[in-house]
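To be precise, the following lines are upload04.cif, and they hold mmCIF, C-alpha atoms.
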```cif
data_final
loop_
_atom_site.label_atom_id
_atom_site.label_comp_id
_atom_site.auth_asym_id
_atom_site.auth_seq_id
_atom_site.Cartn_x
_atom_site.Cartn_y
_atom_site.Cartn_z
CA MET A 1 87.52 67.18 154.36
CA THR A 2 85.88 66.38 151.02
CA PRO A 3 85.80 69.47 148.79
CA SER A 4 82.48 70.66 147.43
CA ILE A 5 82.10 71.82 143.84
CA ARG A 6 79.21 73.86 142.49
CA PRO A 7 78.61 75.20 138.98
CA ALA A 8 80.10 78.64 138.50
CA ASP A 9 77.64 79.50 135.73
CA PRO A 10 74.06 78.16 135.88
CA ALA A 11 73.80 78.64 132.11
CA ARG A 12 76.59 76.06 131.64
CA PRO A 13 76.25 73.83 134.71
CA GLY A 14 78.57 71.13 133.40
CA PHE A 15 81.51 73.28 132.37
CA VAL A 16 83.09 75.44 135.13
CA GLY A 17 82.99 74.52 138.82
CA GLU A 18 83.87 76.56 141.92
CA VAL A 19 85.65 74.53 144.61
CA GLU A 20 85.17 75.10 148.33
CA GLY A 21 86.85 73.39 151.27
CA ILE A 22 90.39 73.29 149.85
CA ASP A 23 93.39 75.19 151.23
CA ILE A 24 96.15 74.70 148.67
CA GLY A 25 98.72 76.37 150.91
CA ARG A 26 98.40 73.78 153.69
CA GLY A 27 98.57 70.88 151.24
CA ILE A 28 95.95 68.31 150.26
CA THR A 29 95.39 64.63 150.93
CA PRO A 30 95.25 61.89 148.29
CA ALA A 31 91.48 61.69 148.83
CA GLU A 32 91.12 65.43 148.20
CA ALA A 33 93.28 65.13 145.08
CA ALA A 34 91.06 62.30 143.82
CA ALA A 35 87.94 64.41 144.41
CA ILE A 36 89.48 67.30 142.49
CA GLU A 37 90.43 65.02 139.60
CA ALA A 38 86.89 63.67 139.50
CA GLY A 39 85.68 67.26 139.41
CA MET A 40 87.98 67.95 136.49
CA ASP A 41 86.54 64.97 134.59
CA ARG A 42 83.07 66.41 135.10
CA TYR A 43 83.60 70.14 134.63
CA ALA A 44 86.96 70.58 132.79
CA VAL A 45 87.56 73.95 134.54
CA LEU A 46 87.77 74.43 138.32
CA VAL A 47 88.10 77.72 140.21
CA PHE A 48 89.73 77.91 143.66
CA ARG A 49 89.17 81.30 145.30
CA GLY A 50 91.32 82.92 147.97
CA GLN A 51 94.48 80.83 147.50
CA ASP A 52 97.33 83.10 148.66
CA ILE A 53 100.19 80.76 147.72
CA ASP A 54 103.80 80.85 146.56
CA ASP A 55 105.41 78.85 143.76
CA ALA A 56 106.54 76.00 146.06
CA GLN A 57 102.98 75.51 147.32
CA GLN A 58 101.59 75.66 143.80
CA LEU A 59 104.11 73.09 142.61
CA ALA A 60 103.33 70.75 145.51
CA PHE A 61 99.62 70.95 144.68
CA THR A 62 100.23 70.39 140.96
CA ARG A 63 102.34 67.26 141.51
CA HIS A 64 99.25 65.42 142.82
CA PHE A 65 97.95 65.27 139.25
CA GLY A 66 100.89 63.96 137.25
CA PRO A 67 104.38 64.75 135.99
CA LEU A 68 105.24 68.42 135.56
CA GLU A 69 105.94 69.96 132.20
CA THR A 70 108.88 72.36 131.92
CA ALA A 71 108.33 75.97 130.88
CA SER A 72 110.03 75.69 127.51
CA GLY A 73 107.41 77.40 125.37
CA ASP A 74 108.52 81.03 125.64
CA ILE A 75 111.37 82.94 124.06
CA ALA A 76 113.04 84.37 127.16
CA ARG A 77 116.74 83.59 127.35
CA PRO A 78 117.94 81.85 130.54
CA ASP A 79 119.43 85.11 131.83
CA GLN A 80 116.06 86.87 131.31
CA ARG A 81 113.87 84.43 133.26
CA ARG A 82 112.17 85.54 136.50
CA LEU A 83 110.93 82.08 137.46
CA GLY A 84 112.29 78.54 137.48
CA MET A 85 111.76 76.12 134.61
CA GLU A 86 108.85 74.40 136.38
CA VAL A 87 106.74 77.58 136.46
CA ASN A 88 105.48 79.39 133.36
CA ASP A 89 105.77 83.16 133.66
CA ILE A 90 102.39 84.44 132.46
CA SER A 91 103.17 88.09 133.05
CA ASN A 92 104.27 91.28 131.35
CA LEU A 93 107.30 91.71 133.63
CA ASP A 94 111.04 91.52 133.19
CA ARG A 95 113.47 89.88 135.60
CA GLU A 96 113.55 92.98 137.79
CA GLY A 97 109.74 93.11 138.02
CA ARG A 98 109.33 96.04 135.62
CA VAL A 99 106.55 96.12 133.02
CA LEU A 100 107.95 95.19 129.61
CA ALA A 101 108.16 97.88 126.96
CA ARG A 102 105.34 97.78 124.44
CA ASP A 103 107.71 96.69 121.65
CA ASP A 104 109.71 94.19 123.73
CA ARG A 105 110.14 90.95 121.78
CA ARG A 106 109.06 88.88 124.79
CA ARG A 107 105.84 90.86 125.15
CA LEU A 108 105.01 90.67 121.44
CA PHE A 109 105.51 86.90 121.47
CA ALA A 110 103.32 86.58 124.58
CA LEU A 111 100.44 88.33 122.80
CA GLY A 112 99.83 84.88 121.31
CA ASN A 113 98.20 83.99 124.64
CA MET A 114 95.28 86.15 123.49
CA LEU A 115 94.57 83.68 120.67
CA TRP A 116 92.34 80.68 121.33
CA HIS A 117 94.67 77.79 122.10
CA SER A 118 95.35 74.63 124.07
CA ASP A 119 98.53 74.75 126.16
CA SER A 120 101.55 72.99 124.67
CA SER A 121 99.69 71.53 121.69
CA PHE A 122 102.89 72.50 119.84
CA LYS A 123 104.81 69.86 121.83
CA PRO A 124 104.81 66.15 120.85
CA THR A 125 103.14 65.34 124.19
CA PRO A 126 100.80 68.25 124.94
CA ALA A 127 99.54 69.46 128.30
CA LYS A 128 96.95 67.67 130.41
CA TYR A 129 96.14 70.20 133.15
CA SER A 130 97.15 73.84 133.52
CA LEU A 131 96.97 75.61 136.89
CA LEU A 132 97.12 79.40 136.82
CA SER A 133 97.59 81.43 140.00
CA ALA A 134 96.77 85.16 140.06
CA ARG A 135 99.43 87.06 141.99
CA VAL A 136 98.80 90.57 140.60
CA ILE A 137 95.92 91.53 138.29
CA PRO A 138 95.45 94.75 136.31
CA GLY A 139 92.82 97.31 137.18
CA SER A 140 90.72 96.37 134.15
CA GLY A 141 90.59 93.68 131.50
CA GLY A 142 92.80 90.60 131.51
CA ASN A 143 89.98 88.04 131.88
CA THR A 144 90.59 84.47 130.71
CA GLU A 145 87.95 82.87 128.50
CA PHE A 146 87.41 79.11 128.21
CA ALA A 147 85.64 77.21 125.41
CA ASP A 148 84.10 73.77 126.01
CA MET A 149 85.33 71.58 123.18
CA ARG A 150 83.12 68.66 124.26
CA ALA A 151 80.00 70.75 123.77
CA ALA A 152 81.40 72.07 120.49
CA TRP A 153 81.84 68.51 119.22
CA ASP A 154 78.35 67.49 120.33
CA ALA A 155 76.86 70.42 118.40
CA LEU A 156 78.46 69.52 115.06
CA ASP A 157 76.28 68.06 112.33
CA ALA A 158 76.81 64.42 111.41
CA GLU A 159 78.45 65.25 108.08
CA THR A 160 81.12 67.42 109.73
CA MET A 161 81.70 64.85 112.46
CA ALA A 162 82.42 62.22 109.81
CA LEU A 163 84.69 64.62 107.89
CA VAL A 164 86.94 65.53 110.82
CA ARG A 165 86.82 62.35 112.94
CA ASP A 166 90.16 60.90 111.79
CA LEU A 167 92.05 64.00 110.70
CA VAL A 168 95.53 64.82 112.01
CA CYS A 169 96.68 68.43 112.31
CA GLU A 170 100.16 69.90 112.59
CA HIS A 171 100.76 72.36 115.45
CA THR A 172 103.55 74.90 115.85
CA GLN A 173 104.04 78.24 117.56
CA ILE A 174 105.59 79.51 114.35
CA HIS A 175 102.08 79.40 112.85
CA SER A 176 100.17 80.88 115.78
CA ARG A 177 102.55 83.84 116.17
CA GLY A 178 102.69 84.29 112.42
CA THR A 179 98.96 85.01 112.34
CA LEU A 180 99.74 88.08 114.49
CA GLY A 181 102.57 89.18 112.22
CA PHE A 182 105.27 87.98 114.61
CA THR A 183 107.93 86.28 112.45
CA ASP A 184 111.06 87.26 114.38
CA PHE A 185 112.32 83.74 115.09
CA THR A 186 115.87 82.50 115.30
CA GLU A 187 116.88 79.35 113.46
CA GLU A 188 117.16 77.56 116.82
CA GLU A 189 113.57 78.56 117.69
CA ARG A 190 112.29 77.42 114.29
CA ALA A 191 113.94 74.04 114.80
CA ARG A 192 112.66 73.75 118.38
CA TRP A 193 109.09 74.49 117.30
CA ALA A 194 108.94 72.35 114.19
CA PRO A 195 105.35 71.17 113.51
CA VAL A 196 104.08 68.20 115.54
CA PRO A 197 101.06 65.99 114.71
CA GLN A 198 97.93 66.01 116.89
CA ARG A 199 94.54 64.37 116.49
CA LEU A 200 91.76 66.78 115.59
CA VAL A 201 89.24 64.74 117.58
CA ARG A 202 90.10 63.21 120.96
CA ARG A 203 88.41 60.80 123.33
CA HIS A 204 88.61 61.49 127.07
CA PRO A 205 90.29 58.51 128.77
CA VAL A 206 87.87 58.49 131.74
CA THR A 207 84.51 59.75 130.49
CA GLY A 208 84.84 58.50 126.92
CA ARG A 209 83.45 61.79 125.59
CA LEU A 210 84.72 63.06 122.26
CA SER A 211 85.95 66.62 121.83
CA LEU A 212 87.55 68.80 119.20
CA PHE A 213 91.25 69.43 119.75
CA LEU A 214 91.79 72.86 118.25
CA SER A 215 94.39 75.53 118.86
CA ALA A 216 95.83 78.64 117.24
CA HIS A 217 98.98 76.54 116.85
CA ALA A 218 97.25 74.26 114.29
CA GLY A 219 98.34 75.41 110.85
CA ALA A 220 97.97 72.35 108.63
CA ILE A 221 96.02 69.11 108.19
CA GLN A 222 97.99 66.11 106.99
CA GLY A 223 97.01 65.15 103.43
CA TRP A 224 95.10 68.38 102.77
CA PRO A 225 96.08 71.42 100.66
CA ARG A 226 97.03 74.13 103.13
CA PRO A 227 94.44 76.73 102.07
CA GLU A 228 91.64 74.17 102.39
CA ALA A 229 93.00 73.02 105.76
CA LEU A 230 93.17 76.56 107.11
CA MET A 231 89.62 77.25 105.91
CA LEU A 232 88.27 74.18 107.71
CA LEU A 233 90.20 75.02 110.89
CA ARG A 234 88.86 78.58 110.78
CA ASP A 235 85.30 77.28 110.44
CA LEU A 236 85.78 74.86 113.34
CA ASN A 237 87.29 77.55 115.56
CA GLU A 238 84.41 79.91 114.82
CA HIS A 239 81.96 77.13 115.68
CA ALA A 240 83.76 76.10 118.88
CA THR A 241 84.03 79.63 120.29
CA GLN A 242 80.40 80.65 119.96
CA ARG A 243 79.16 82.32 123.12
CA GLN A 244 77.08 79.34 124.22
CA PHE A 245 80.29 77.32 124.58
CA VAL A 246 82.36 80.02 126.34
CA HIS A 247 82.84 81.04 129.98
CA ALA A 248 84.76 84.20 130.94
CA HIS A 249 86.68 84.06 134.21
CA VAL A 250 86.98 87.47 135.86
CA TRP A 251 90.13 87.27 137.98
CA ARG A 252 90.30 88.17 141.65
CA PRO A 253 93.61 88.34 143.54
CA HIS A 254 94.72 84.86 144.69
CA ASP A 255 92.40 82.92 142.39
CA LEU A 256 93.78 79.65 141.11
CA VAL A 257 92.10 78.26 138.01
CA MET A 258 92.75 74.71 136.83
CA TRP A 259 91.67 73.40 133.43
CA ASP A 260 91.89 70.34 131.22
CA ASN A 261 93.65 71.19 127.95
CA ARG A 262 92.41 67.99 126.35
CA VAL A 263 88.81 69.25 126.25
CA THR A 264 89.07 73.06 126.36
CA MET A 265 90.57 76.03 124.60
CA HIS A 266 91.29 79.30 126.34
CA ARG A 267 92.55 82.80 125.69
CA ALA A 268 93.57 85.87 127.68
CA ARG A 269 91.80 89.15 127.00
CA ARG A 270 93.29 92.60 126.52
CA TYR A 271 94.30 94.82 129.43
CA PRO A 272 96.18 98.15 129.69
CA ALA A 273 99.73 97.59 128.45
CA GLU A 274 101.26 99.78 131.16
CA GLN A 275 99.61 97.91 134.05
CA MET A 276 101.16 94.92 135.80
CA ARG A 277 99.65 91.46 135.27
CA ASP A 278 101.47 88.63 137.04
CA LEU A 279 100.13 85.08 136.92
CA HIS A 280 102.12 81.89 137.48
CA ARG A 281 101.23 78.70 135.63
CA THR A 282 102.20 75.14 136.47
CA THR A 283 101.42 72.46 133.93
CA VAL A 284 100.82 68.72 134.07
CA GLU A 285 102.08 66.78 131.07
CA ASP A 286 99.69 64.41 129.30
CA SER A 287 100.32 60.65 129.29
CA ALA A 288 101.48 60.32 125.66
CA PRO A 289 101.33 61.98 122.22
CA THR A 290 97.74 62.19 121.00
CA LEU A 291 98.38 59.74 118.15
CA GLN A 292 99.36 57.10 120.72
CA GLN A 293 96.15 57.59 122.73
CA ALA A 294 92.92 55.75 122.08
CA ALA A 295 90.90 57.34 119.31
#
```
Is it possible to give me this structure as structure tokens?
Amino acid sequence: MTPSIRPADPARPGFVGEVEGIDIGRGITPAEAAAIEAGMDRYAVLVFRGQDIDDAQQLAFTRHFGPLETASGDIARPDQRRLGMEVNDISNLDREGRVLARDDRRRLFALGNMLWHSDSSFKPTPAKYSLLSARVIPGSGGNTEFADMRAAWDALDAETMALVRDLVCEHTQIHSRGTLGFTDFTEEERARWAPVPQRLVRRHPVTGRLSLFLSAHAGAIQGWPRPEALMLLRDLNEHATQRQFVHAHVWRPHDLVMWDNRVTMHRARRYPAEQMRDLHRTTVEDSAPTLQQAA
């Protein structure tokens, strides 16, 4: 069966699509996977409602779209992890399923997910697709917002386009967490998350559309004084996250949302700290570092 995709928001008909006719739990065919990938090229964010799946089913679905990325971006020690290394634990829970204390180091680090970012832009090869499955959602709050970086690029004036077109930024989680006052890093973590270069403007390999590649992890521009670089990045982030570019996804139990990190930013929103929020993310690695991709 060919899936059908309709715009989730008539105000932004080319950004977020809702998919019908797909049962992730039973598995999909190559033709269905191709239709979904074509939908991703068009919309950049796809919503699959009513997908009551486990991690094995989510992983099987994710593998249709490329090689998996390992969940190496958090600070949980191996003995603290709830999930395997192929699944990112986007929750506020410890290994025993208890809500983390408000001052737990793991929770404070994870607050960085509430900053606008692109997944794994702090890695030499960043993420292509992210797939987030809602297992338990809080009673209020906890939405995920998405910003369309293609539309943000299109809305720039010609002078700014020319200014940023060939710039290279440096991304690291040390910077993004530092903006929240989190500086409690070990020497091993500082070495693991040393800054990596990423293009500031990217071209989509299928559609050819240009987009800004921004993230809270970007803390420098090569060849620029740091204060000037941070000022430009702040201006670009403010531009790219104007309401006309943003869609808020209100989670329902068993939603799966899939997005293209190459052309979007996203952020989680606040929710009551004492309530459980358990989402599992699988991630498809991009084809190469951004500097090795066509500009």
Exercise for the section: Can you work out which one of A:Ala152, A:Cys169, A:Leu180, A:Ile5 has the shortest atom-to-atom distance to Ala218 in chain A, counting only C-alpha atoms? Expected result: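 Under the stated criterion, the closest residue is A:Cys169.
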Exercise for the section: Expand the PyMOL selection byres ((chain A and resi 55-71) around 6) into the individual residues it matches in the shown file, reporting them as number ranges by chain. Expected result: A: 25, 53-54, 72-73, 85-86, 88, 283-285
Hey, could you pull the box centre and edge lengths for range 283-293 of chain A, axis-aligned, 3 Å padding per side, all listed atoms, to one decimal in Å, as lines of an AutoDock Vina configuration file?
```
center_x = 99.1
center_y = 64.8
center_z = 126.1
size_x = 11.9
size_y = 21.4
size_z = 21.9
```
Handout entry: Nearest to Ile137 in chain A by atom-to-atom distance, counting all atoms listed in the file, from A:Arg277, A:His117, A:His249, A:Arg105
Key = A:Arg277
Problem - Counting all atoms listed in the file, the option among A:Glu18, A:Asp52, A:Glu274, A:Asp255 closest to Met40 in chain A - result: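 For Met40 in chain A, the nearest of the given residues is A:Glu18.
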Practice task
Starting from the shown file, work through the PyMOL selection byres ((chain A and resi 33) around 10) and note down what comes out as a VMD selection string.
Solution key: chain A and resid 2 to 3 22 27 to 32 34 to 39 61 to 65
Handout entry: Picked residues, the PyMOL selection byres ((chain A and resi 189) around 12), expected as a list in words
Key = Ser72, Gly73, Asp74, Ile75, Ala76, Arg77, Thr172, Gln173, Ile174, Thr183, Asp184, Phe185, Thr186, Glu187, Glu188, Arg190, Ala191, Arg192, Trp193, Ala194 and Pro195 of chain A
Handout entry: Nearest to Gly112 in chain A, chosen from A:Gly141, A:Gly178, A:Gly208, A:Gly50, with only C-alpha atoms counted in the distances
Key = A:Gly178
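Of the listed residues A:Pro289, A:Gly223, A:Pro13, A:Pro138, the one whose atoms come nearest to Arg202 in chain A is A:Pro289, with distances taken using only C-alpha atoms.
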Problem - A:Thr290, A:Asn113, A:Gln244, A:Gln51 ranked by distance to Leu200 in chain A, top pick (using only C-alpha atoms) - result: A:Thr290
Exercise for the section: Could you please determine the separation between CA of Asp9 in chain A and CA of Leu279 in chain A in Å, to one decimal place? Expected result: 23.2 Å
Taking only residues of range 123-204 of chain A that have an atom at most 10 Å from an atom of range 91-100 of chain A, what is each one's shortest atom pair and its distance in Å to one decimal, using only C-alpha atoms, in chain and number order, as CSV?
```
residue,atom,partner,partner_atom,distance
A:Ala134,CA,A:Ser91,CA,9.9
A:Arg135,CA,A:Ser91,CA,9.7
A:Val136,CA,A:Ser91,CA,9.1
A:Ile137,CA,A:Ser91,CA,9.6
```
Exercise for the section: Name all residues at most 6 Å from range 259-261 of chain A (count all atoms listed in the file; drop same-chain ones fewer than 3 positions away) and give them as a PyMOL selection string. Expected result: chain A and resi 44-45+118+128-130+264
Would you save the residues from that selection as a PDB file, in the frame of the given file, using C-alpha atoms?
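Saved as selection_26.pdb:
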```
ATOM      1  CA  ALA A  44      86.960  70.580 132.790  1.00  0.00           C
ATOM      2  CA  VAL A  45      87.560  73.950 134.540  1.00  0.00           C
ATOM      3  CA  SER A 118      95.350  74.630 124.070  1.00  0.00           C
ATOM      4  CA  LYS A 128      96.950  67.670 130.410  1.00  0.00           C
ATOM      5  CA  TYR A 129      96.140  70.200 133.150  1.00  0.00           C
ATOM      6  CA  SER A 130      97.150  73.840 133.520  1.00  0.00           C
ATOM      7  CA  THR A 264      89.070  73.060 126.360  1.00  0.00           C
TER       8      THR A 264
END
```
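CA of Met276 in chain A to CA of Ala216 in chain A spans 25.3 Å [interatomic distance, one decimal].
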Exercise for the section: Give me, please, the distance in Å between CA of Thr144 in chain A and CA of Val257 in chain A, quoted to one decimal. Expected result: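 Distance reported for this atom pair: 9.7 Å.
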